[in-house]
Amino acid sequence: MAMSWIWVGILALSLLCAAWTGNGSALASAVPNGAQAGITLTVSMAGSICLWSGVGSLMAHAGITQGLARMLRPLLNRVFPSTRTDAALSRHLSANICANLLGLGNAATPEGVQAARRLADPGRPGMATDELCRLIVLNTASIQLIPGNVAAVRASLGAQAPFDLLPAVWLTSLCSAGVGVAAAWLLGKLWKHD
């Protein structure tokens, strides 16, 4: 509901600024152009999303996801201690992290939601556990090996080499995820709950 009000506010502000500056005709021509650009971008990204989502599905059916889950288990056990006793949580977290590694935020979301449900404390509704906070931070600053969606956007906008940003993506995502999880861990230790 809040996002609806934000969008209404942005729209109203745009209309007021266009009327104030006398650029109503420019705004009127920008609206259909923007809508057309949005549809073009959506269609161009759909192919990439379908491809990588299919790859993720094939990985799950071929057992690659389970293999990655086994490889990630030592790390997951340290960052999310609940995975030691909850196999379903470990599975959801592994699938979420693997999808994020491929740059598939849309494929990672359902698994992340399932993991968040398992990490929530039913005895304290409305209060996030420390592990849930770390999951949110890790998903927000996810490490991406193959930024599929970003490359699709760059390709649709005419980039000659849409994957030439890989070193920058690797460095920034590793740094942001590392600092974010460390900060969440530290704040979880400092901020004691009643």
# chains A, B, ... in the order shown; residues from 1 in each chain; ligands from 1

$ residues_around --residues "range 54-56 of chain A" --least-positions-apart "5" --cutoff "9 Å" --atoms "only C-alpha atoms" --output "ChimeraX atom specification"
/A:49,61,65,95,98-99,102,104,107

$ write_last_selection --atoms "N, CA, C and O atoms" --output "PDB file, in the first residue's frame"
ATOM      1  N   ILE A  49      15.601 -14.316 -18.605  1.00  0.00           N
ATOM      2  CA  ILE A  49      15.035 -14.865 -17.368  1.00  0.00           C
ATOM      3  C   ILE A  49      14.586 -16.306 -17.584  1.00  0.00           C
ATOM      4  O   ILE A  49      14.841 -17.180 -16.741  1.00  0.00           O
ATOM      5  N   HIS A  61      17.154 -30.634 -11.062  1.00  0.00           N
ATOM      6  CA  HIS A  61      16.804 -31.992 -11.480  1.00  0.00           C
ATOM      7  C   HIS A  61      18.033 -32.880 -11.672  1.00  0.00           C
ATOM      8  O   HIS A  61      17.963 -34.094 -11.472  1.00  0.00           O
ATOM      9  N   THR A  65      22.246 -28.774  -7.706  1.00  0.00           N
ATOM     10  CA  THR A  65      21.878 -27.905  -6.582  1.00  0.00           C
ATOM     11  C   THR A  65      22.172 -28.597  -5.260  1.00  0.00           C
ATOM     12  O   THR A  65      22.675 -27.978  -4.322  1.00  0.00           O
ATOM     13  N   ALA A  95      19.401 -23.222  -2.372  1.00  0.00           N
ATOM     14  CA  ALA A  95      18.786 -22.879  -3.661  1.00  0.00           C
ATOM     15  C   ALA A  95      18.743 -21.368  -3.846  1.00  0.00           C
ATOM     16  O   ALA A  95      18.989 -20.859  -4.949  1.00  0.00           O
ATOM     17  N   CYS A  98      22.338 -20.215  -4.630  1.00  0.00           N
ATOM     18  CA  CYS A  98      22.729 -20.635  -5.986  1.00  0.00           C
ATOM     19  C   CYS A  98      22.049 -19.767  -7.045  1.00  0.00           C
ATOM     20  O   CYS A  98      22.686 -19.367  -8.025  1.00  0.00           O
ATOM     21  N   ALA A  99      20.770 -19.465  -6.850  1.00  0.00           N
ATOM     22  CA  ALA A  99      20.067 -18.606  -7.809  1.00  0.00           C
ATOM     23  C   ALA A  99      20.663 -17.209  -7.811  1.00  0.00           C
ATOM     24  O   ALA A  99      20.822 -16.585  -8.870  1.00  0.00           O
ATOM     25  N   LEU A 102      23.824 -16.975  -9.797  1.00  0.00           N
ATOM     26  CA  LEU A 102      23.579 -16.880 -11.234  1.00  0.00           C
ATOM     27  C   LEU A 102      22.930 -15.558 -11.622  1.00  0.00           C
ATOM     28  O   LEU A 102      22.625 -15.333 -12.782  1.00  0.00           O
ATOM     29  N   LEU A 104      19.963 -14.476 -10.645  1.00  0.00           N
ATOM     30  CA  LEU A 104      18.531 -14.694 -10.885  1.00  0.00           C
ATOM     31  C   LEU A 104      17.732 -14.338  -9.639  1.00  0.00           C
ATOM     32  O   LEU A 104      17.242 -15.209  -8.929  1.00  0.00           O
ATOM     33  N   ALA A 107      14.299 -15.894  -9.438  1.00  0.00           N
ATOM     34  CA  ALA A 107      14.259 -17.317  -9.100  1.00  0.00           C
ATOM     35  C   ALA A 107      14.675 -17.542  -7.646  1.00  0.00           C
ATOM     36  O   ALA A 107      14.268 -18.518  -7.023  1.00  0.00           O
TER      37      ALA A 107
END

$ closest_residue --among "A:Arg118, A:Cys17, A:Gly105, A:Trp5" --to "Thr85 in chain A" --atoms "only C-alpha atoms"
A:Arg118

$ residues_around --residues "range 161-164 of chain A" --least-positions-apart "4" --cutoff "10 Å" --atoms "only C-alpha atoms" --output "number ranges by chain"
A: 146-148, 150-157, 168-169

$ atom_distance --atom1 "CA of Leu93 in chain A" --atom2 "CA of Ser44 in chain A"
29.1 Å

$ residues_around --residues "range 171-173 of chain A" --least-positions-apart "3" --cutoff "10 Å" --atoms "only C-alpha atoms" --output "ChimeraX atom specification"
/A:101,138,140-145,166-168,176-179

$ select_by_dssp --residues "range 26-179 of chain A" --states "helix (DSSP H, G or I)" --output "number ranges by chain"
A: 26-62, 64-79, 81-84, 87-101, 105-119, 130-140, 148-156, 166-179

$ atom_distance --atom1 "CA of Ser94 in chain A" --atom2 "CA of Ala183 in chain A"
21.6 Å

$ atom_distance --atom1 "CA of Pro81 in chain A" --atom2 "CA of Gln114 in chain A"
16.6 Å

$ closest_atom_pairs --of "range 58-95 of chain A" --to "range 129-136 of chain A" --cutoff "12 Å" --atoms "only C-alpha atoms" --output "tab-separated table"
residue	atom	partner	partner_atom	distance
A:Leu76	CA	A:Leu135	CA	10.5
A:Asn77	CA	A:Glu131	CA	11.1
A:Arg78	CA	A:Glu131	CA	10.6
A:Val79	CA	A:Glu131	CA	7.6
A:Phe80	CA	A:Glu131	CA	5.9
A:Pro81	CA	A:Glu131	CA	8.1
A:Ser82	CA	A:Glu131	CA	8.2
A:Thr83	CA	A:Glu131	CA	10.3
A:Leu89	CA	A:Leu135	CA	11.5
A:His92	CA	A:Leu135	CA	11.3
A:Leu93	CA	A:Leu135	CA	8.5
A:Ser94	CA	A:Leu135	CA	11.5
